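File shown: upload_39.tsv. Contents: TSV, C-alpha atoms and all ligand atoms.
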chain	number	residue	atom	x	y	z
R	11	MET	CA	8.50	-46.62	-16.66
R	12	LEU	CA	10.57	-43.43	-16.76
R	13	ALA	CA	11.15	-41.71	-13.43
R	14	ARG	CA	9.79	-38.20	-13.04
R	15	PRO	CA	12.69	-35.71	-12.86
R	16	SER	CA	13.45	-34.16	-9.45
R	17	TRP	CA	12.70	-30.64	-10.74
R	18	ALA	CA	9.24	-31.67	-11.98
R	19	GLU	CA	6.26	-29.55	-10.94
R	20	PRO	CA	3.11	-31.08	-9.39
R	21	VAL	CA	1.06	-33.08	-11.90
R	22	GLU	CA	-2.24	-31.33	-11.17
R	23	PHE	CA	-2.36	-28.12	-13.24
R	24	ASP	CA	-3.79	-25.66	-10.70
R	25	THR	CA	-1.30	-26.75	-8.04
R	26	ALA	CA	1.59	-26.60	-10.52
R	27	ARG	CA	0.53	-23.12	-11.57
R	28	ALA	CA	0.27	-21.93	-7.95
R	29	VAL	CA	3.70	-23.38	-7.07
R	30	ARG	CA	5.25	-21.67	-10.08
R	31	ALA	CA	3.51	-18.33	-9.40
R	32	GLU	CA	4.89	-18.43	-5.86
R	33	ALA	CA	8.43	-19.30	-7.03
R	34	CYS	CA	8.48	-16.60	-9.75
R	35	GLY	CA	6.57	-13.96	-7.84
R	36	VAL	CA	4.37	-13.23	-10.90
R	37	ASP	CA	0.91	-14.20	-12.07
R	38	ASP	CA	1.06	-12.89	-15.63
R	39	LEU	CA	0.48	-15.90	-17.93
R	40	THR	CA	3.12	-15.03	-20.51
R	41	ARG	CA	5.77	-14.69	-17.79
R	42	LEU	CA	4.53	-17.70	-15.87
R	43	PHE	CA	4.71	-19.83	-19.00
R	44	PRO	CA	7.44	-18.21	-21.12
R	45	SER	CA	8.23	-19.61	-24.55
R	46	TYR	CA	10.53	-18.82	-27.48
R	47	GLU	CA	7.46	-19.32	-29.69
R	48	THR	CA	4.43	-17.00	-29.73
R	49	PRO	CA	2.78	-17.96	-26.43
R	50	ALA	CA	-0.71	-19.42	-26.78
R	51	PHE	CA	-3.23	-20.21	-24.07
R	52	GLU	CA	-6.57	-21.94	-23.67
R	53	GLY	CA	-8.03	-20.17	-20.66
R	54	ASP	CA	-5.06	-20.04	-18.33
R	55	ARG	CA	-3.54	-23.29	-19.61
R	56	PRO	CA	-0.59	-23.08	-22.00
R	57	ARG	CA	-1.28	-24.62	-25.42
R	58	ASN	CA	1.34	-26.27	-27.59
R	59	PRO	CA	2.03	-23.70	-30.37
R	60	ARG	CA	2.57	-26.52	-32.92
R	61	GLY	CA	-0.17	-28.85	-31.62
R	62	PRO	CA	-2.54	-30.58	-31.36
R	63	THR	CA	-0.64	-33.73	-30.48
R	64	GLY	CA	-3.58	-35.87	-29.35
R	65	LEU	CA	-2.15	-36.02	-25.82
R	66	LYS	CA	-3.63	-34.09	-22.92
R	67	GLY	CA	-1.92	-33.12	-19.66
R	68	ARG	CA	1.83	-32.87	-19.09
R	69	GLY	CA	2.82	-36.45	-19.89
R	70	LEU	CA	6.48	-37.30	-19.30
R	71	LEU	CA	7.66	-33.71	-19.19
R	72	GLY	CA	8.36	-31.96	-15.90
R	73	ARG	CA	6.64	-28.62	-16.55
R	74	TYR	CA	3.51	-27.24	-18.16
R	75	GLY	CA	4.23	-24.99	-21.13
R	76	ALA	CA	7.72	-24.84	-22.63
R	77	ASN	CA	10.35	-27.09	-21.05
R	78	PHE	CA	13.68	-25.44	-21.83
R	79	ALA	CA	16.76	-27.40	-22.84
R	80	ALA	CA	20.20	-26.29	-24.04
R	81	ASP	CA	22.19	-28.17	-26.69
R	82	PRO	CA	25.98	-27.84	-27.00
R	83	LEU	CA	27.34	-28.78	-30.43
R	84	VAL	CA	31.03	-29.42	-30.06
R	85	PHE	CA	32.94	-29.87	-33.31
R	86	ARG	CA	36.54	-30.75	-34.10
R	87	ARG	CA	38.49	-31.52	-37.24
R	88	ASP	CA	40.06	-34.93	-37.20
R	89	ARG	CA	42.00	-36.46	-40.11
R	90	GLY	CA	40.25	-34.23	-42.64
R	91	ARG	CA	36.76	-34.89	-41.30
R	92	LEU	CA	34.34	-32.89	-39.23
R	93	GLU	CA	33.34	-34.65	-36.01
R	94	MET	CA	31.01	-33.76	-33.16
R	95	ILE	CA	30.35	-35.10	-29.68
R	96	ALA	CA	27.21	-37.28	-29.68
R	97	ILE	CA	25.64	-39.25	-26.86
R	98	GLN	CA	23.31	-42.20	-27.01
R	99	ARG	CA	20.29	-41.26	-24.91
R	100	ARG	CA	19.17	-43.67	-22.21
R	101	ASP	CA	15.43	-42.92	-22.68
R	102	ASN	CA	14.98	-43.70	-26.39
R	103	GLN	CA	18.44	-45.07	-27.36
R	104	ARG	CA	18.80	-42.47	-30.14
R	105	TRP	CA	22.10	-40.69	-30.79
R	106	ALA	CA	21.82	-37.01	-29.93
R	107	ILE	CA	23.52	-33.74	-29.06
R	108	PRO	CA	24.60	-33.99	-25.39
R	109	GLY	CA	22.02	-31.47	-24.20
R	110	GLY	CA	19.98	-31.18	-21.06
R	111	MET	CA	17.38	-29.18	-19.19
R	112	VAL	CA	18.07	-25.58	-18.15
R	113	ASP	CA	17.89	-25.47	-14.34
R	114	HIS	CA	15.85	-22.74	-12.69
R	115	GLY	CA	17.85	-19.48	-12.71
R	116	GLU	CA	20.67	-20.95	-14.81
R	117	GLN	CA	22.28	-19.15	-17.79
R	118	VAL	CA	22.17	-21.12	-21.05
R	119	SER	CA	26.03	-21.04	-21.26
R	120	GLU	CA	26.14	-22.67	-17.80
R	121	THR	CA	23.73	-25.42	-18.88
R	122	LEU	CA	25.73	-26.06	-22.06
R	123	ALA	CA	28.94	-26.44	-20.06
R	124	ARG	CA	27.39	-28.45	-17.23
R	125	GLU	CA	25.71	-30.94	-19.57
R	126	LEU	CA	28.86	-31.40	-21.59
R	127	ALA	CA	30.99	-31.95	-18.50
R	128	GLU	CA	28.40	-34.33	-16.96
R	129	GLU	CA	27.38	-36.27	-20.05
R	130	ALA	CA	30.59	-36.57	-22.01
R	131	LEU	CA	33.71	-35.77	-19.99
R	132	GLY	CA	33.32	-36.14	-16.32
R	133	LYS	CA	32.05	-39.41	-14.94
R	134	ASP	CA	35.42	-40.73	-13.78
R	135	ALA	CA	36.97	-37.34	-13.01
R	136	SER	CA	37.26	-35.73	-9.57
R	137	PRO	CA	34.54	-33.22	-8.61
R	138	ALA	CA	37.20	-30.45	-8.67
R	139	GLN	CA	38.18	-31.37	-12.23
R	140	VAL	CA	34.53	-31.41	-13.38
R	141	LYS	CA	33.96	-28.02	-11.76
R	142	SER	CA	36.99	-26.56	-13.49
R	143	TRP	CA	35.81	-27.96	-16.86
R	144	GLU	CA	32.36	-26.48	-16.28
R	145	GLU	CA	33.81	-23.03	-15.56
R	146	LYS	CA	36.20	-23.05	-18.50
R	147	LEU	CA	33.64	-24.46	-20.94
R	148	GLY	CA	31.06	-21.93	-19.74
R	149	ARG	CA	33.51	-19.11	-20.52
R	150	LEU	CA	34.34	-20.66	-23.89
R	151	PHE	CA	30.65	-20.85	-24.85
R	152	GLN	CA	30.18	-17.25	-23.81
R	153	GLN	CA	33.19	-16.02	-25.79
R	154	GLU	CA	33.22	-18.29	-28.83
R	155	GLY	CA	29.85	-20.08	-28.89
R	156	VAL	CA	27.79	-19.42	-32.02
R	157	GLU	CA	24.02	-19.48	-31.65
R	158	VAL	CA	22.47	-21.97	-34.06
R	159	TYR	CA	18.85	-22.40	-33.07
R	160	ARG	CA	16.34	-21.29	-30.49
R	161	GLY	CA	12.82	-22.67	-30.48
R	162	TYR	CA	10.46	-25.62	-30.56
R	163	VAL	CA	11.71	-29.22	-30.66
R	164	ASP	CA	9.62	-31.98	-32.17
R	165	ASP	CA	10.16	-34.29	-29.18
R	166	PHE	CA	8.42	-37.63	-28.51
R	167	ARG	CA	7.34	-36.37	-25.04
R	168	ASN	CA	5.40	-33.30	-26.29
R	169	THR	CA	1.71	-33.00	-25.38
R	170	ASP	CA	-0.93	-30.32	-25.98
R	171	GLU	CA	0.06	-28.58	-22.73
R	172	ALA	CA	3.78	-29.29	-22.39
R	173	TRP	CA	6.53	-29.31	-25.01
R	174	MET	CA	10.28	-28.98	-25.49
R	175	GLU	CA	12.13	-25.89	-26.66
R	176	THR	CA	15.89	-25.56	-26.91
R	177	SER	CA	18.79	-23.16	-27.40
R	178	ALA	CA	21.64	-24.66	-29.41
R	179	PHE	CA	25.16	-23.21	-29.70
R	180	TYR	CA	28.23	-24.58	-31.44
R	181	LEU	CA	31.92	-24.48	-30.59
R	182	LEU	CA	34.76	-25.51	-32.93
R	183	LEU	CA	37.53	-26.96	-30.78
R	184	ASN	CA	41.20	-26.97	-31.70
R	185	PRO	CA	44.20	-28.46	-29.84
R	186	ALA	CA	44.80	-25.14	-28.01
R	187	HIS	CA	41.37	-25.46	-26.42
R	188	GLY	CA	42.29	-28.97	-25.27
R	189	ASN	CA	45.45	-27.61	-23.57
R	190	GLU	CA	43.52	-24.80	-21.96
R	191	LEU	CA	40.93	-27.24	-20.61
R	192	GLY	CA	43.46	-29.91	-19.61
R	193	TRP	CA	41.41	-32.37	-21.66
R	194	ASP	CA	42.74	-34.83	-24.22
R	195	PHE	CA	39.37	-35.02	-26.06
R	196	SER	CA	38.60	-38.49	-24.71
R	197	LEU	CA	34.95	-39.10	-23.81
R	198	ILE	CA	33.19	-40.97	-20.98
R	199	ALA	CA	29.40	-41.38	-20.95
R	200	GLY	CA	27.55	-39.81	-17.99
R	201	ASP	CA	24.44	-41.11	-16.24
R	202	ASP	CA	21.80	-40.04	-18.80
R	203	ALA	CA	23.76	-41.60	-21.67
R	204	THR	CA	24.50	-45.22	-22.52
R	205	ASP	CA	27.37	-44.22	-24.81
R	206	VAL	CA	29.29	-41.23	-26.13
R	207	ARG	CA	31.60	-40.76	-29.13
R	208	TRP	CA	33.13	-38.36	-31.61
R	209	MET	CA	30.66	-38.87	-34.46
R	210	THR	CA	31.56	-38.05	-38.07
R	211	VAL	CA	29.17	-35.36	-39.26
R	212	SER	CA	27.95	-37.35	-42.26
R	213	ARG	CA	24.49	-37.48	-43.77
R	214	ASN	CA	24.05	-41.12	-42.69
R	215	GLU	CA	24.79	-40.35	-39.05
R	216	LEU	CA	22.62	-37.22	-39.01
R	217	GLU	CA	19.59	-39.07	-40.36
R	218	ARG	CA	19.54	-41.28	-37.27
R	219	LEU	CA	19.60	-38.50	-34.64
R	220	HIS	CA	16.98	-37.84	-31.93
R	221	ALA	CA	14.08	-35.38	-32.54
R	222	ASN	CA	15.10	-32.46	-34.82
R	223	HIS	CA	18.80	-32.66	-33.97
R	224	ALA	CA	19.74	-33.38	-37.59
R	225	GLU	CA	18.21	-30.07	-38.61
R	226	ILE	CA	20.03	-28.26	-35.79
R	227	VAL	CA	23.38	-29.84	-36.70
R	228	GLY	CA	22.71	-29.02	-40.38
R	229	ARG	CA	22.24	-25.34	-39.52
R	230	ALA	CA	25.39	-25.34	-37.40
R	231	VAL	CA	27.40	-26.83	-40.27
R	232	GLN	CA	26.14	-24.11	-42.64
R	233	LEU	CA	27.19	-21.39	-40.19
R	234	LEU	CA	30.55	-23.05	-39.63
R	235	GLU	CA	31.19	-23.39	-43.38
R	236	ALA	CA	30.55	-19.69	-43.89
R	237	LYS	CA	32.65	-18.65	-40.88
R	238	GLN	CA	35.60	-20.95	-41.58
R	239	ASP	CA	35.38	-20.71	-45.35
R	240	LEU	CA	35.25	-24.45	-45.95
R	241	ARG	CA	32.84	-27.11	-47.17
R	242	VAL	CA	31.69	-30.23	-45.41
R	243	LEU	CA	30.80	-33.04	-47.81
R	244	SER	CA	27.98	-35.53	-47.21
R	245	ASP	CA	30.41	-38.13	-45.80
R	246	GLY	CA	31.76	-35.58	-43.29
R	247	GLU	CA	34.95	-34.88	-45.21
R	248	ILE	CA	36.16	-31.27	-45.17
R	249	SER	CA	36.84	-30.24	-48.76
R	250	ASP	CA	39.35	-27.53	-47.84
R	251	PRO	CA	41.19	-28.89	-44.82
R	252	THR	CA	43.81	-26.69	-43.26
R	253	PRO	CA	46.47	-28.53	-41.29
R	301	LIG	C1	17.68	-33.07	-24.49
R	301	LIG	C2	18.01	-32.07	-25.56
R	301	LIG	C3	16.91	-32.04	-26.57
R	301	LIG	C4	15.59	-31.83	-25.88
R	301	LIG	C5	14.45	-31.90	-26.86
R	301	LIG	C6	16.32	-32.85	-23.90
R	301	LIG	O1	15.99	-33.95	-23.09
R	301	LIG	O2	18.64	-33.07	-23.47
R	301	LIG	O3	19.20	-32.49	-26.20
R	301	LIG	O4	17.11	-31.05	-27.55
R	301	LIG	O5	15.37	-32.84	-24.93
R	301	LIG	O6	14.33	-33.15	-27.48

Take the structure in the file and give it back as structure tokens.
Amino acid sequence: MLARPSWAEPVEFDTARAVRAEACGVDDLTRLFPSYETPAFEGDRPRNPRGPTGLKGRGLLGRYGANFAADPLVFRRDRGRLEMIAIQRRDNQRWAIPGGMVDHGEQVSETLARELAEEALGKDASPAQVKSWEEKLGRLFQQEGVEVYRGYVDDFRNTDEAWMETSAFYLLLNPAHGNELGWDFSLIAGDDATDVRWMTVSRNELERLHANHAEIVGRAVQLLEAKQDLRVLSDGEISDPTP
């Protein structure tokens, strides 16, 4: 059985709604239950914009309505191939972008940096080192991050009243970024991951990813190709590698 996250709201809808109204200081449904999609309601209960799913209530998710995540896509070129950081999720064992939930009041760039530092870089590092990575990565995402996707995610936990939405941004790292961050690009899996690796961005690998992550990575690759004026082949090889 999966543990309920610490930030989860009460399970009973009216109590959850009252707790949230108190925390946000508003009672307006669209602000109480914000969404990147067109918000829909049944009475005062949020309704999955892409439902029905056949599941009532909030299920495994922590909040009614949209549950917001942020997904950092971190690419690098290695030996003529395009690679990205991927984690193996502990909950369903699928390989995925190392994303996570946006904490209350957090900026998306902060979530992107925090999740990356926690899930892929930091487990064995000192708290000061992790903090410094979070700050530097947060700035990098703000300055150089390219928005790839914002919206609904076809997640296995979605119900009629609770569903996942995400904001995904990509970064293309080069050795200068590594120097700036004091990071040699080695990876260590954090607590929510059973494994982490630089994954070749090939069609085979993408087909096996969690939820709609293949589609998100596919969009990111298209944006990157246009921006960097290169082509990524189906096996992950870059057809116009620059040294
Ligand atoms: C993950 C994100 C993912 C979202 C929707 C979250 O648990 O951390 O990477 O996009 O779920 O599946």

- Near-Arg241 (chain R) list (9 Å; all atoms listed in the file; drop same-chain fewer than 5 positions) as a list in words: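 What passes the distance filter is Val231, Gln232, Leu234, Glu235, Ala236, Glu247, Ile248, Ser249, Asp250 and Pro251 of chain R.
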
- Can you pull out every residue within 10 Å of region 198-207 of chain R, counting only C-alpha atoms, but drop anything in the same chain fewer than 2 positions away, and send it as a VMD selection string? chain R and resid 93 to 101 103 to 108 110 125 to 135 195 to 196 209 to 210

- Message: Taking 5 positions as the minimum chain separation for residues in the same chain, which residues sit within 6 Å of Ala123 (chain R) when counting only C-alpha atoms? Answer as a PyMOL selection string.
- Response: chain R and resi 144+147-148

Would you tabulate, counting all atoms listed in the file, all residues of chain R that have an atom at most 10 Å from an atom of ligand LIG 301 (chain R), showing the closest pair of atoms and their distance in Å to one decimal, sorted by chain then ascending number, as CSV?
residue,atom,partner,partner_atom,distance
R:Leu71,CA,R:LIG301,O1,9.2
R:Asn77,CA,R:LIG301,C4,8.6
R:Phe78,CA,R:LIG301,C4,7.8
R:Ala79,CA,R:LIG301,C4,5.5
R:Ala80,CA,R:LIG301,C2,6.4
R:Asp81,CA,R:LIG301,O3,5.3
R:Pro82,CA,R:LIG301,O3,8.3
R:Leu83,CA,R:LIG301,O3,9.9
R:Ala96,CA,R:LIG301,O3,10.0
R:Ile97,CA,R:LIG301,O3,9.4
R:Arg99,CA,R:LIG301,O2,8.5
R:Asp101,CA,R:LIG301,O1,9.0
R:Trp105,CA,R:LIG301,O3,9.8
R:Ala106,CA,R:LIG301,O3,6.4
R:Ile107,CA,R:LIG301,O3,5.3
R:Pro108,CA,R:LIG301,O3,5.7
R:Gly109,CA,R:LIG301,O3,3.6
R:Gly110,CA,R:LIG301,O2,3.3
R:Met111,CA,R:LIG301,O2,5.9
R:Val112,CA,R:LIG301,O2,9.2
R:Glu125,CA,R:LIG301,O2,8.4
R:Glu129,CA,R:LIG301,O2,9.9
R:Gly161,CA,R:LIG301,O4,9.9
R:Tyr162,CA,R:LIG301,C5,8.3
R:Val163,CA,R:LIG301,C5,5.4
R:Asp164,CA,R:LIG301,O6,6.7
R:Asp165,CA,R:LIG301,O6,4.6
R:Phe166,CA,R:LIG301,O6,7.5
R:Arg167,CA,R:LIG301,O6,8.1
R:Asn168,CA,R:LIG301,O6,9.0
R:Trp173,CA,R:LIG301,C5,8.5
R:Met174,CA,R:LIG301,C5,5.3
R:Glu175,CA,R:LIG301,C5,6.4
R:Thr176,CA,R:LIG301,O4,5.7
R:Ser177,CA,R:LIG301,O4,8.1
R:Ala178,CA,R:LIG301,O4,8.1
R:Asp202,CA,R:LIG301,O2,9.0
R:His220,CA,R:LIG301,O6,7.0
R:Ala221,CA,R:LIG301,O6,5.5
R:Asn222,CA,R:LIG301,O6,7.4
R:His223,CA,R:LIG301,O4,6.8
R:Ile226,CA,R:LIG301,O4,9.2

Would you save the residues from that selection as a compact mmCIF listing (two decimals), in the frame of the given file, using C-alpha atoms?
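The file below, again_5.txt, is the result:
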# COMPACT_ATOMS: atom_id res chain seq x y z
CA LEU R 71 7.66 -33.71 -19.19
CA ASN R 77 10.35 -27.09 -21.05
CA PHE R 78 13.68 -25.44 -21.83
CA ALA R 79 16.76 -27.40 -22.84
CA ALA R 80 20.20 -26.29 -24.04
CA ASP R 81 22.19 -28.17 -26.69
CA PRO R 82 25.98 -27.84 -27.00
CA LEU R 83 27.34 -28.78 -30.43
CA ALA R 96 27.21 -37.28 -29.68
CA ILE R 97 25.64 -39.25 -26.86
CA ARG R 99 20.29 -41.26 -24.91
CA ASP R 101 15.43 -42.92 -22.68
CA TRP R 105 22.10 -40.69 -30.79
CA ALA R 106 21.82 -37.01 -29.93
CA ILE R 107 23.52 -33.74 -29.06
CA PRO R 108 24.60 -33.99 -25.39
CA GLY R 109 22.02 -31.47 -24.20
CA GLY R 110 19.98 -31.18 -21.06
CA MET R 111 17.38 -29.18 -19.19
CA VAL R 112 18.07 -25.58 -18.15
CA GLU R 125 25.71 -30.94 -19.57
CA GLU R 129 27.38 -36.27 -20.05
CA GLY R 161 12.82 -22.67 -30.48
CA TYR R 162 10.46 -25.62 -30.56
CA VAL R 163 11.71 -29.22 -30.66
CA ASP R 164 9.62 -31.98 -32.17
CA ASP R 165 10.16 -34.29 -29.18
CA PHE R 166 8.42 -37.63 -28.51
CA ARG R 167 7.34 -36.37 -25.04
CA ASN R 168 5.40 -33.30 -26.29
CA TRP R 173 6.53 -29.31 -25.01
CA MET R 174 10.28 -28.98 -25.49
CA GLU R 175 12.13 -25.89 -26.66
CA THR R 176 15.89 -25.56 -26.91
CA SER R 177 18.79 -23.16 -27.40
CA ALA R 178 21.64 -24.66 -29.41
CA ASP R 202 21.80 -40.04 -18.80
CA HIS R 220 16.98 -37.84 -31.93
CA ALA R 221 14.08 -35.38 -32.54
CA ASN R 222 15.10 -32.46 -34.82
CA HIS R 223 18.80 -32.66 -33.97
CA ILE R 226 20.03 -28.26 -35.79

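Closest to Gly72 (chain R) among R:Pro49, R:Arg55, R:Glu171, R:Ser212 is R:Glu171, based on all atoms listed in the file.
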
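What separates CA of Gly246 (chain R) from CA of Val158 (chain R) is a distance of 18.9 Å.
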
- Can you work out which one of R:Leu197, R:Ala172, R:Leu243, R:Val211 has the shortest atom-to-atom distance to Phe85 (chain R), counting all atoms listed in the file?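 Checking each of R:Leu197, R:Ala172, R:Leu243, R:Val211 against Phe85 (chain R), counting all atoms listed in the file, the winner is R:Val211.
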
- Using only C-alpha atoms, which residues sit within 9 Å of Gly67 (chain R) once same-chain residues fewer than 4 positions away are excluded, as number ranges by chain? R: 21-23, 74, 169-172

- Protein, DNA and RNA residues within 10 Å of (-0.3, -22.2, -19.7), all atoms listed in the file, as an MDAnalysis selection string: chainID R and resid 23 27 39:44 49:58 73:76 171:172

- Query: Between R:Thr25, R:Ser119, R:Asn214, R:Thr63, which one has atoms that come closest to Gln152 (chain R), using all atoms listed in the file?
  - Reply: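 Ranked by minimum distance to Gln152 (chain R), first place goes to R:Ser119.
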
- Taking into account all atoms listed in the file, which residue in the set R:Val84, R:Ala18, R:Glu217, R:Lys141 is nearest to Gly69 (chain R)? R:Ala18

- What does the distance from CA of Lys146 (chain R) to CA of Gly188 (chain R) come to in Å, to one decimal? 10.9 Å

Would you mind completing region 108-128 of chain R so that it carries N, CA, C and O atoms, and writing it out as a PDB file, in the frame of the given file?
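And here's result-v7.pdb as it stands now:
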ATOM      1  N   PRO R 108      24.602 -33.747 -26.837  1.00  0.00           N
ATOM      2  CA  PRO R 108      24.600 -33.990 -25.390  1.00  0.00           C
ATOM      3  C   PRO R 108      23.965 -32.864 -24.586  1.00  0.00           C
ATOM      4  O   PRO R 108      24.599 -32.250 -23.735  1.00  0.00           O
ATOM      5  N   GLY R 109      22.693 -32.587 -24.855  1.00  0.00           N
ATOM      6  CA  GLY R 109      22.020 -31.470 -24.200  1.00  0.00           C
ATOM      7  C   GLY R 109      21.383 -31.860 -22.889  1.00  0.00           C
ATOM      8  O   GLY R 109      21.503 -32.991 -22.426  1.00  0.00           O
ATOM      9  N   GLY R 110      20.684 -30.905 -22.305  1.00  0.00           N
ATOM     10  CA  GLY R 110      19.980 -31.180 -21.060  1.00  0.00           C
ATOM     11  C   GLY R 110      19.084 -30.013 -20.692  1.00  0.00           C
ATOM     12  O   GLY R 110      19.047 -28.994 -21.390  1.00  0.00           O
ATOM     13  N   MET R 111      18.346 -30.179 -19.600  1.00  0.00           N
ATOM     14  CA  MET R 111      17.380 -29.180 -19.190  1.00  0.00           C
ATOM     15  C   MET R 111      18.074 -27.993 -18.519  1.00  0.00           C
ATOM     16  O   MET R 111      19.022 -28.167 -17.764  1.00  0.00           O
ATOM     17  N   VAL R 112      17.547 -26.795 -18.802  1.00  0.00           N
ATOM     18  CA  VAL R 112      18.070 -25.580 -18.150  1.00  0.00           C
ATOM     19  C   VAL R 112      17.497 -25.538 -16.738  1.00  0.00           C
ATOM     20  O   VAL R 112      16.272 -25.535 -16.571  1.00  0.00           O
ATOM     21  N   ASP R 113      18.368 -25.540 -15.730  1.00  0.00           N
ATOM     22  CA  ASP R 113      17.890 -25.470 -14.340  1.00  0.00           C
ATOM     23  C   ASP R 113      17.338 -24.085 -14.059  1.00  0.00           C
ATOM     24  O   ASP R 113      17.724 -23.106 -14.709  1.00  0.00           O
ATOM     25  N   HIS R 114      16.446 -24.021 -13.056  1.00  0.00           N
ATOM     26  CA  HIS R 114      15.850 -22.740 -12.690  1.00  0.00           C
ATOM     27  C   HIS R 114      16.939 -21.711 -12.364  1.00  0.00           C
ATOM     28  O   HIS R 114      17.831 -21.988 -11.576  1.00  0.00           O
ATOM     29  N   GLY R 115      16.889 -20.549 -13.009  1.00  0.00           N
ATOM     30  CA  GLY R 115      17.850 -19.480 -12.710  1.00  0.00           C
ATOM     31  C   GLY R 115      19.201 -19.652 -13.376  1.00  0.00           C
ATOM     32  O   GLY R 115      20.095 -18.837 -13.162  1.00  0.00           O
ATOM     33  N   GLU R 116      19.364 -20.687 -14.192  1.00  0.00           N
ATOM     34  CA  GLU R 116      20.670 -20.950 -14.810  1.00  0.00           C
ATOM     35  C   GLU R 116      20.788 -20.207 -16.149  1.00  0.00           C
ATOM     36  O   GLU R 116      19.811 -20.085 -16.883  1.00  0.00           O
ATOM     37  N   GLN R 117      22.005 -19.732 -16.474  1.00  0.00           N
ATOM     38  CA  GLN R 117      22.280 -19.150 -17.790  1.00  0.00           C
ATOM     39  C   GLN R 117      22.441 -20.293 -18.784  1.00  0.00           C
ATOM     40  O   GLN R 117      22.982 -21.347 -18.422  1.00  0.00           O
ATOM     41  N   VAL R 118      22.047 -20.054 -20.049  1.00  0.00           N
ATOM     42  CA  VAL R 118      22.170 -21.120 -21.050  1.00  0.00           C
ATOM     43  C   VAL R 118      23.640 -21.577 -21.184  1.00  0.00           C
ATOM     44  O   VAL R 118      23.925 -22.777 -21.268  1.00  0.00           O
ATOM     45  N   SER R 119      24.607 -20.634 -21.124  1.00  0.00           N
ATOM     46  CA  SER R 119      26.030 -21.040 -21.260  1.00  0.00           C
ATOM     47  C   SER R 119      26.434 -21.971 -20.119  1.00  0.00           C
ATOM     48  O   SER R 119      27.255 -22.875 -20.300  1.00  0.00           O
ATOM     49  N   GLU R 120      25.837 -21.777 -18.944  1.00  0.00           N
ATOM     50  CA  GLU R 120      26.140 -22.670 -17.800  1.00  0.00           C
ATOM     51  C   GLU R 120      25.578 -24.066 -18.058  1.00  0.00           C
ATOM     52  O   GLU R 120      26.227 -25.065 -17.777  1.00  0.00           O
ATOM     53  N   THR R 121      24.334 -24.105 -18.590  1.00  0.00           N
ATOM     54  CA  THR R 121      23.730 -25.420 -18.880  1.00  0.00           C
ATOM     55  C   THR R 121      24.554 -26.159 -19.934  1.00  0.00           C
ATOM     56  O   THR R 121      24.810 -27.358 -19.805  1.00  0.00           O
ATOM     57  N   LEU R 122      24.967 -25.427 -20.978  1.00  0.00           N
ATOM     58  CA  LEU R 122      25.730 -26.060 -22.060  1.00  0.00           C
ATOM     59  C   LEU R 122      26.989 -26.710 -21.485  1.00  0.00           C
ATOM     60  O   LEU R 122      27.301 -27.869 -21.761  1.00  0.00           O
ATOM     61  N   ALA R 123      27.686 -25.949 -20.631  1.00  0.00           N
ATOM     62  CA  ALA R 123      28.940 -26.440 -20.060  1.00  0.00           C
ATOM     63  C   ALA R 123      28.694 -27.576 -19.074  1.00  0.00           C
ATOM     64  O   ALA R 123      29.398 -28.590 -19.085  1.00  0.00           O
ATOM     65  N   ARG R 124      27.677 -27.434 -18.248  1.00  0.00           N
ATOM     66  CA  ARG R 124      27.390 -28.450 -17.230  1.00  0.00           C
ATOM     67  C   ARG R 124      27.022 -29.775 -17.898  1.00  0.00           C
ATOM     68  O   ARG R 124      27.526 -30.840 -17.528  1.00  0.00           O
ATOM     69  N   GLU R 125      26.142 -29.712 -18.908  1.00  0.00           N
ATOM     70  CA  GLU R 125      25.710 -30.940 -19.570  1.00  0.00           C
ATOM     71  C   GLU R 125      26.878 -31.631 -20.273  1.00  0.00           C
ATOM     72  O   GLU R 125      27.009 -32.847 -20.221  1.00  0.00           O
ATOM     73  N   LEU R 126      27.715 -30.832 -20.891  1.00  0.00           N
ATOM     74  CA  LEU R 126      28.860 -31.400 -21.590  1.00  0.00           C
ATOM     75  C   LEU R 126      29.798 -32.077 -20.588  1.00  0.00           C
ATOM     76  O   LEU R 126      30.228 -33.223 -20.791  1.00  0.00           O
ATOM     77  N   ALA R 127      30.082 -31.386 -19.504  1.00  0.00           N
ATOM     78  CA  ALA R 127      30.990 -31.950 -18.500  1.00  0.00           C
ATOM     79  C   ALA R 127      30.365 -33.216 -17.891  1.00  0.00           C
ATOM     80  O   ALA R 127      31.045 -34.232 -17.734  1.00  0.00           O
ATOM     81  N   GLU R 128      29.052 -33.170 -17.600  1.00  0.00           N
ATOM     82  CA  GLU R 128      28.400 -34.330 -16.960  1.00  0.00           C
ATOM     83  C   GLU R 128      28.227 -35.505 -17.912  1.00  0.00           C
ATOM     84  O   GLU R 128      28.466 -36.646 -17.551  1.00  0.00           O
TER      85      GLU R 128
END
